[in-house]
>>> print(open('data_27.cif').read())   # mmCIF, C-alpha atoms
data_target
loop_
_atom_site.label_atom_id
_atom_site.label_comp_id
_atom_site.auth_asym_id
_atom_site.auth_seq_id
_atom_site.Cartn_x
_atom_site.Cartn_y
_atom_site.Cartn_z
CA MET A 1 103.52 29.83 -16.65
CA SER A 2 101.20 32.31 -15.02
CA LEU A 3 100.84 35.86 -16.32
CA ASP A 4 102.59 37.17 -13.20
CA ASN A 5 105.80 35.29 -13.99
CA GLY A 6 106.32 36.80 -17.43
CA TRP A 7 105.70 40.51 -16.90
CA PHE A 8 107.47 43.48 -15.44
CA PRO A 9 105.71 46.45 -13.83
CA GLY A 10 104.34 48.99 -16.28
CA HIS A 11 105.05 52.70 -16.39
CA LEU A 12 102.49 55.33 -15.36
CA ARG A 13 102.20 58.49 -17.44
CA GLU A 14 99.90 61.43 -16.74
CA LEU A 15 97.53 62.29 -19.61
CA SER A 16 97.32 65.86 -20.86
CA GLN A 17 94.02 67.72 -20.72
CA ALA A 18 93.63 67.21 -24.50
CA GLU A 19 94.25 63.45 -24.16
CA CYS A 20 91.68 63.23 -21.35
CA LEU A 21 89.06 64.98 -23.51
CA GLU A 22 89.90 62.69 -26.47
CA GLN A 23 89.27 59.62 -24.31
CA LEU A 24 85.98 61.06 -23.08
CA ASP A 25 84.96 61.65 -26.73
CA ALA A 26 85.95 58.14 -27.82
CA HIS A 27 83.64 56.26 -25.46
CA ARG A 28 79.95 56.16 -24.56
CA VAL A 29 79.87 54.38 -21.18
CA GLY A 30 81.46 55.55 -17.94
CA ARG A 31 80.78 55.49 -14.23
CA VAL A 32 79.23 58.14 -12.00
CA ALA A 33 80.41 58.18 -8.40
CA TYR A 34 78.50 59.99 -5.66
CA CYS A 35 77.54 59.58 -2.03
CA ASP A 36 74.11 58.78 -0.71
CA ALA A 37 72.93 58.22 2.86
CA ASP A 38 74.64 54.81 2.96
CA GLY A 39 77.99 55.99 1.57
CA PRO A 40 79.81 55.95 -1.80
CA VAL A 41 78.02 54.59 -4.87
CA VAL A 42 79.34 53.95 -8.39
CA VAL A 43 76.94 53.41 -11.31
CA PRO A 44 77.65 52.80 -15.02
CA VAL A 45 75.88 55.22 -17.39
CA ASN A 46 75.83 56.30 -21.01
CA TYR A 47 77.14 59.82 -21.51
CA VAL A 48 78.19 62.46 -23.98
CA ARG A 49 80.90 65.06 -23.42
CA ASP A 50 79.88 68.72 -23.55
CA GLY A 51 82.96 70.94 -23.23
CA GLU A 52 84.51 70.18 -19.87
CA SER A 53 81.39 68.44 -18.59
CA VAL A 54 79.47 65.25 -19.23
CA LEU A 55 75.75 64.89 -19.80
CA ILE A 56 73.73 61.86 -18.76
CA ARG A 57 70.04 60.94 -18.99
CA LEU A 58 68.39 59.12 -16.11
CA ALA A 59 65.06 57.70 -15.11
CA PRO A 60 63.59 60.46 -12.88
CA GLU A 61 62.55 58.03 -10.14
CA SER A 62 65.97 56.36 -9.91
CA ALA A 63 68.15 56.69 -6.82
CA LEU A 64 70.89 58.14 -9.02
CA ALA A 65 68.63 60.89 -10.38
CA ARG A 66 67.36 61.74 -6.90
CA SER A 67 70.94 62.04 -5.62
CA LEU A 68 72.50 64.20 -8.35
CA ASP A 69 71.02 67.67 -7.92
CA SER A 70 73.62 70.28 -6.99
CA THR A 71 75.89 67.70 -5.38
CA PRO A 72 79.55 66.74 -5.71
CA ALA A 73 80.07 63.86 -8.14
CA SER A 74 82.82 62.21 -10.13
CA PHE A 75 82.75 60.60 -13.54
CA GLN A 76 85.26 58.02 -14.71
CA VAL A 77 85.94 56.26 -17.98
CA ASP A 78 88.71 53.71 -18.49
CA GLU A 79 89.97 50.75 -20.44
CA PHE A 80 92.37 47.99 -19.36
CA ASP A 81 93.99 44.96 -20.97
CA ASP A 82 94.62 42.10 -18.54
CA PHE A 83 97.03 40.33 -20.92
CA THR A 84 99.40 43.27 -21.48
CA GLN A 85 98.69 44.77 -18.05
CA SER A 86 98.18 48.18 -19.61
CA GLY A 87 95.39 50.71 -19.86
CA TRP A 88 94.22 54.21 -19.09
CA SER A 89 91.78 56.06 -16.87
CA VAL A 90 90.21 59.54 -16.95
CA LEU A 91 88.56 61.09 -13.89
CA LEU A 92 86.32 64.15 -14.04
CA ARG A 93 85.52 65.65 -10.63
CA GLY A 94 82.88 68.31 -10.21
CA THR A 95 79.29 69.14 -9.41
CA ALA A 96 76.18 67.46 -10.79
CA SER A 97 72.95 69.33 -11.44
CA TYR A 98 69.73 68.95 -13.37
CA VAL A 99 69.66 70.75 -16.71
CA ASP A 100 67.15 71.58 -19.41
CA PRO A 101 68.07 69.58 -22.53
CA ASP A 102 67.13 72.55 -24.72
CA ASP A 103 70.05 74.44 -23.17
CA HIS A 104 72.51 71.65 -24.07
CA PRO A 105 72.31 70.58 -27.74
CA ALA A 106 74.78 67.73 -27.12
CA THR A 107 71.97 65.80 -25.40
CA ARG A 108 70.59 65.04 -28.90
CA HIS A 109 73.52 62.62 -29.30
CA LEU A 110 72.90 60.87 -26.00
CA ARG A 111 71.34 57.43 -26.46
CA PRO A 112 70.97 55.41 -23.23
CA TRP A 113 71.41 51.68 -23.76
CA ALA A 114 69.06 50.67 -20.96
CA GLU A 115 65.33 50.39 -21.55
CA GLY A 116 62.91 52.76 -19.93
CA GLU A 117 62.14 56.42 -19.97
CA ARG A 118 65.21 58.57 -19.27
CA THR A 119 63.82 62.11 -18.99
CA ARG A 120 66.03 63.53 -16.22
CA HIS A 121 69.05 65.26 -17.76
CA VAL A 122 72.07 65.73 -15.51
CA ARG A 123 75.27 67.62 -16.22
CA ILE A 124 78.47 67.07 -14.26
CA VAL A 125 80.57 70.20 -14.65
CA ALA A 126 84.27 69.54 -14.14
CA THR A 127 86.29 71.36 -11.54
CA ARG A 128 89.19 69.06 -12.41
CA ILE A 129 89.94 66.49 -15.14
CA THR A 130 92.88 64.12 -14.73
CA GLY A 131 94.04 60.97 -16.43
CA ARG A 132 96.74 58.36 -16.39
CA ARG A 133 97.98 55.75 -18.83
CA LEU A 134 99.67 52.53 -17.71
CA LEU A 135 102.14 51.57 -20.44
CA GLU A 136 103.46 48.07 -20.94
CA ALA A 137 106.88 47.41 -19.41
#
>>> encode(input="data_27.cif", output="structure tokens")
Amino acid sequence: MSLDNGWFPGHLRELSQAECLEQLDAHRVGRVAYCDADGPVVVPVNYVRDGESVLIRLAPESALARSLDSTPASFQVDEFDDFTQSGWSVLLRGTASYVDPDDHPATRHLRPWAEGERTRHVRIVATRITGRRLLEA
């Protein structure tokens, strides 16, 4: 029997603002979405939440770092279970800009997993945070 034969559609539930922030706190890897000259781009990054914003550290010469100064950007974190066909997703939409790490103490807790020098600090300040949970049927 395939998975599709044994399951019923799940139920979507909107997450509260507090639940969205809890999910952002509980994880360390998310995805930054932005547009460059060729169109939309999505890149996984390590992050730390700072109020209603996220902080990331990037290699200064990276395409991502060059594209995230005073520009619209989104940040997403999620988790899904293929077997139970359930999961959740949080989306933070806002503006990205370079910041001085001395002005944001939360950057002390930011530890990028990728090798290399990550000296460009970027903050995505939320204009809107939304989330949804897909519950098992």
>>> closest_atom_pairs(input="data_27.cif", of="range 49-134 of chain A", to="range 31-43 of chain A", cutoff="12 Å", atoms="all atoms listed in the file", output="tab-separated table")
residue	atom	partner	partner_atom	distance
A:Val54	CA	A:Val32	CA	10.1
A:Leu55	CA	A:Val32	CA	10.9
A:Ile56	CA	A:Val32	CA	9.5
A:Arg57	CA	A:Val32	CA	11.9
A:Leu58	CA	A:Val43	CA	11.3
A:Ser62	CA	A:Val43	CA	11.4
A:Ala63	CA	A:Asp36	CA	8.8
A:Leu64	CA	A:Val43	CA	8.0
A:Ala65	CA	A:Tyr34	CA	11.0
A:Arg66	CA	A:Asp36	CA	9.6
A:Ser67	CA	A:Asp36	CA	6.7
A:Leu68	CA	A:Tyr34	CA	7.8
A:Asp69	CA	A:Tyr34	CA	11.0
A:Ser70	CA	A:Tyr34	CA	11.5
A:Thr71	CA	A:Tyr34	CA	8.1
A:Pro72	CA	A:Tyr34	CA	6.8
A:Ala73	CA	A:Tyr34	CA	4.9
A:Ser74	CA	A:Ala33	CA	5.0
A:Phe75	CA	A:Val32	CA	4.6
A:Gln76	CA	A:Arg31	CA	5.2
A:Val77	CA	A:Arg31	CA	6.4
A:Asp78	CA	A:Arg31	CA	9.2
A:Ser89	CA	A:Arg31	CA	11.3
A:Val90	CA	A:Arg31	CA	10.6
A:Leu91	CA	A:Arg31	CA	9.6
A:Leu92	CA	A:Val32	CA	9.5
A:Arg93	CA	A:Ala33	CA	9.3
A:Gly94	CA	A:Tyr34	CA	10.4
A:Thr95	CA	A:Tyr34	CA	9.9
A:Ala96	CA	A:Tyr34	CA	9.4
A:Val122	CA	A:Val32	CA	11.0
A:Arg123	CA	A:Val32	CA	11.1
A:Ile124	CA	A:Val32	CA	9.2
>>> atom_distance(input="data_27.cif", atom1="CA of Ser53 in chain A", atom2="CA of Thr107 in chain A")
11.9 Å
>>> closest_residue(input="data_27.cif", among="A:Val29, A:Trp88, A:Glu22, A:Pro60", to="Arg132 in chain A", atoms="all atoms listed in the file")
A:Trp88
>>> atom_distance(input="data_27.cif", atom1="CA of Pro112 in chain A", atom2="CA of Asp81 in chain A")
25.4 Å
>>> closest_residue(input="data_27.cif", among="A:Arg128, A:His109, A:Arg118, A:Arg133", to="Asp25 in chain A", atoms="all atoms listed in the file")
A:His109
